[in-house]
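Okay, entry12.cif now, which holds mmCIF, C-alpha atoms:
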data_structure
loop_
_atom_site.label_atom_id
_atom_site.label_comp_id
_atom_site.auth_asym_id
_atom_site.auth_seq_id
_atom_site.Cartn_x
_atom_site.Cartn_y
_atom_site.Cartn_z
CA MET P 1 -48.28 180.20 -38.52
CA ILE P 2 -47.82 176.53 -39.35
CA ARG P 3 -45.03 176.22 -36.76
CA LYS P 4 -47.27 177.69 -34.03
CA LEU P 5 -50.09 175.33 -35.00
CA LYS P 6 -47.69 172.36 -34.99
CA ASN P 7 -46.38 173.34 -31.56
CA LEU P 8 -49.92 173.74 -30.26
CA LEU P 9 -50.89 170.29 -31.49
CA LEU P 10 -47.67 168.49 -30.66
CA GLY P 11 -46.84 170.40 -27.48
CA ASP P 12 -43.96 168.74 -25.69
CA LYS P 13 -42.94 166.68 -28.72
CA ALA P 14 -42.13 169.80 -30.76
CA TYR P 15 -40.09 171.22 -27.87
CA ALA P 16 -38.31 167.89 -27.36
CA GLU P 17 -37.00 167.97 -30.92
CA THR P 18 -34.97 171.10 -30.14
CA ALA P 19 -32.80 169.42 -27.48
CA ALA P 20 -30.12 166.78 -27.87
CA ASP P 21 -30.59 165.01 -24.50
CA ALA P 22 -32.17 165.44 -21.07
CA GLU P 23 -29.44 167.76 -19.76
CA ASP P 24 -29.58 169.90 -22.89
CA ARG P 25 -33.34 170.02 -22.61
CA LYS P 26 -33.11 171.17 -18.98
CA GLN P 27 -30.61 173.89 -19.91
CA LEU P 28 -32.76 175.01 -22.83
CA ALA P 29 -35.89 175.10 -20.65
CA LEU P 30 -34.23 177.30 -18.03
CA ALA P 31 -32.68 179.56 -20.64
CA ALA P 32 -36.04 179.96 -22.41
CA LEU P 33 -37.70 180.96 -19.12
CA LEU P 34 -34.97 183.54 -18.55
CA VAL P 35 -35.57 184.89 -22.07
CA GLU P 36 -39.28 185.14 -21.33
CA MET P 37 -38.42 187.05 -18.16
CA ALA P 38 -36.35 189.54 -20.17
CA ARG P 39 -39.34 189.99 -22.48
CA ALA P 40 -41.98 190.21 -19.74
CA ASP P 41 -41.84 193.99 -19.34
CA PHE P 42 -41.88 194.54 -23.13
CA ASP P 43 -38.47 196.23 -22.87
CA GLU P 44 -35.72 193.74 -23.67
CA SER P 45 -32.31 195.23 -23.16
CA GLN P 46 -28.79 194.17 -23.92
CA GLY P 47 -28.08 194.40 -20.19
CA GLU P 48 -30.71 191.73 -19.52
CA HIS P 49 -29.24 189.48 -22.18
CA ASP P 50 -25.74 189.99 -20.81
CA ARG P 51 -27.07 189.11 -17.36
CA ILE P 52 -28.69 185.94 -18.73
CA ILE P 53 -25.42 184.89 -20.35
CA ASP P 54 -23.58 185.42 -17.04
CA LEU P 55 -26.24 183.48 -15.11
CA LEU P 56 -26.27 180.58 -17.57
CA ALA P 57 -22.48 180.41 -17.63
CA GLY P 58 -22.30 180.36 -13.84
CA HIS P 59 -25.24 178.03 -13.26
CA PHE P 60 -24.28 175.41 -15.85
CA ASN P 61 -20.50 175.95 -15.77
CA LEU P 62 -20.41 177.07 -19.42
CA SER P 63 -17.95 179.27 -21.26
CA GLY P 64 -19.17 182.66 -22.43
CA SER P 65 -19.55 181.43 -26.00
CA GLU P 66 -21.43 178.29 -24.89
CA ALA P 67 -23.78 180.45 -22.81
CA GLN P 68 -24.29 182.78 -25.78
CA GLU P 69 -25.11 179.79 -28.00
CA LEU P 70 -27.59 178.51 -25.41
CA LEU P 71 -29.20 181.97 -25.23
CA THR P 72 -29.54 182.08 -29.02
CA ARG P 73 -31.21 178.67 -29.06
CA ALA P 74 -33.43 179.65 -26.14
CA ARG P 75 -34.61 182.79 -27.93
CA GLU P 76 -35.55 180.72 -30.99
CA THR P 77 -37.30 178.14 -28.81
CA ALA P 78 -39.17 180.82 -26.85
CA ASP P 79 -40.22 182.46 -30.14
CA SER P 80 -41.94 179.27 -31.26
CA ALA P 81 -43.41 178.30 -27.87
CA VAL P 82 -47.12 178.69 -27.28
CA CYS P 83 -46.90 178.53 -23.47
CA LEU P 84 -44.48 178.17 -20.57
CA PHE P 85 -45.82 174.81 -19.47
CA ASP P 86 -43.38 172.63 -21.45
CA PHE P 87 -40.39 174.53 -20.07
CA SER P 88 -41.64 174.46 -16.49
CA ARG P 89 -42.68 170.80 -16.73
CA THR P 90 -39.19 169.84 -17.87
CA LEU P 91 -37.71 171.60 -14.86
CA HIS P 92 -40.35 170.35 -12.42
CA GLN P 93 -39.71 166.73 -13.43
CA SER P 94 -35.92 166.96 -13.32
CA LEU P 95 -35.12 169.25 -10.38
CA ASP P 96 -35.33 168.87 -6.62
CA ASP P 97 -36.88 171.55 -4.38
CA GLY P 98 -33.61 173.40 -3.84
CA GLN P 99 -32.89 173.50 -7.57
CA LYS P 100 -36.40 174.78 -8.27
CA GLN P 101 -35.81 177.58 -5.78
CA GLU P 102 -32.58 178.37 -7.62
CA VAL P 103 -34.61 178.73 -10.86
CA VAL P 104 -36.84 181.26 -9.09
CA ARG P 105 -33.75 183.09 -7.82
CA LEU P 106 -32.37 183.28 -11.38
CA LEU P 107 -35.69 184.64 -12.64
CA TRP P 108 -35.62 187.37 -9.98
CA GLN P 109 -32.05 188.23 -10.96
CA VAL P 110 -33.05 188.73 -14.60
CA ALA P 111 -36.08 190.75 -13.53
CA LEU P 112 -33.80 192.99 -11.49
CA ALA P 113 -31.18 193.36 -14.24
CA ASP P 114 -32.61 196.77 -15.17
CA GLU P 115 -32.90 197.69 -11.46
CA ASN P 116 -36.70 197.68 -11.62
CA ILE P 117 -39.11 194.79 -11.14
CA ASP P 118 -42.09 195.44 -13.38
CA LYS P 119 -45.55 194.07 -12.46
CA TYR P 120 -45.38 191.72 -15.46
CA GLU P 121 -42.01 190.38 -14.35
CA ASP P 122 -43.38 189.88 -10.84
CA TYR P 123 -46.36 188.01 -12.28
CA LEU P 124 -44.16 185.79 -14.46
CA VAL P 125 -41.92 184.78 -11.55
CA ARG P 126 -44.95 183.86 -9.48
CA LYS P 127 -46.54 181.94 -12.37
CA VAL P 128 -43.39 179.89 -13.00
CA ALA P 129 -42.96 179.33 -9.26
CA ASP P 130 -46.52 177.99 -9.10
CA LEU P 131 -45.79 175.64 -12.00
CA LEU P 132 -42.65 174.44 -10.19
CA TYR P 133 -44.54 174.09 -6.88
CA VAL P 134 -42.30 176.59 -5.11
CA SER P 135 -44.16 178.05 -2.14
CA HIS P 136 -45.22 181.68 -2.00
CA SER P 137 -43.12 182.23 1.11
CA ASP P 138 -40.02 180.94 -0.71
CA VAL P 139 -40.77 183.20 -3.69
CA VAL P 140 -40.99 186.24 -1.40
CA ARG P 141 -37.85 185.22 0.51
CA LEU P 142 -35.88 184.72 -2.72
CA LYS P 143 -37.05 188.09 -4.06
CA HIS P 144 -35.94 189.75 -0.83
CA GLU P 145 -32.52 188.05 -1.02
CA VAL P 146 -31.99 189.14 -4.64
CA VAL P 147 -33.17 192.72 -4.09
CA ASN P 148 -31.03 193.16 -0.97
CA GLY P 149 -27.98 191.52 -2.47
#

Can the structure from this file be put into structure tokens for me?
Amino acid sequence: MIRKLKNLLLGDKAYAETAADAEDRKQLALAALLVEMARADFDESQGEHDRIIDLLAGHFNLSGSEAQELLTRARETADSAVCLFDFSRTLHQSLDDGQKQEVVRLLWQVALADENIDKYEDYLVRKVADLLYVSHSDVVRLKHEVVNG
């Protein structure tokens, strides 16, 4: 309870304390959003977590154990977060348009990990895309590309 209140009052400062530097903070922000995507349909699965590890390893050029460590930290960070704004703001400030679209693509890939895109997953992708200023047409295009392989 105290941690949630502290995070609410301190916002970005509390989140900043969990990352070593700007690159680590960016990785942690993306990983936390992917964790939130796995949780969006209220049915977290090991398959989704395995998919997140694969995506993080590929996206950031990490080993499997480094990606697992990042996922563990992201789960802890997401547990203590009060909103998605700090994560999305970190990414919005540090990524270009193409990289932001890649974030949306990764979110769609996690949403599709169980071969079904739930309405809550769809909503979360669109919400994060709005926070990253990714256009609706790009969100739809990226969804289509992920669904159709």

Atom CA of Ala40 of chain P to atom CA of Glu121 of chain P: how many Å, to one decimal? 5.4 Å

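When you apply the PyMOL selection byres ((chain P and resi 94-106) around 7) to this structure, what comes back is Thr90, Leu91, His92, Gln93, Leu107, Trp108, Gln109, Val110, Val125, Ala129, Leu132, Val134, Val139 and Leu142 of chain P.
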
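Residues selected in this file by the PyMOL selection byres ((chain P and resi 60-63) around 12) comprise Glu23, Asp24, Lys26, Gln27, Leu28, Leu30, Ala31, Ile52, Ile53, Asp54, Leu55, Leu56, Ala57, Gly58, His59, Gly64, Ser65, Glu66, Ala67, Gln68, Glu69, Leu70, Leu71 and Val103 of chain P.
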
May I ask which of the residues P:Leu33, P:Asp41, P:Asp114, P:His144 is the closest one to Val128 of chain P, counting only C-alpha atoms? P:Leu33

Hits from the PyMOL selection byres ((chain P and resi 84) around 10), listed as an MDAnalysis selection string: chainID P and resid 29 32:33 36 78 81:83 85:89 124 127:128 131
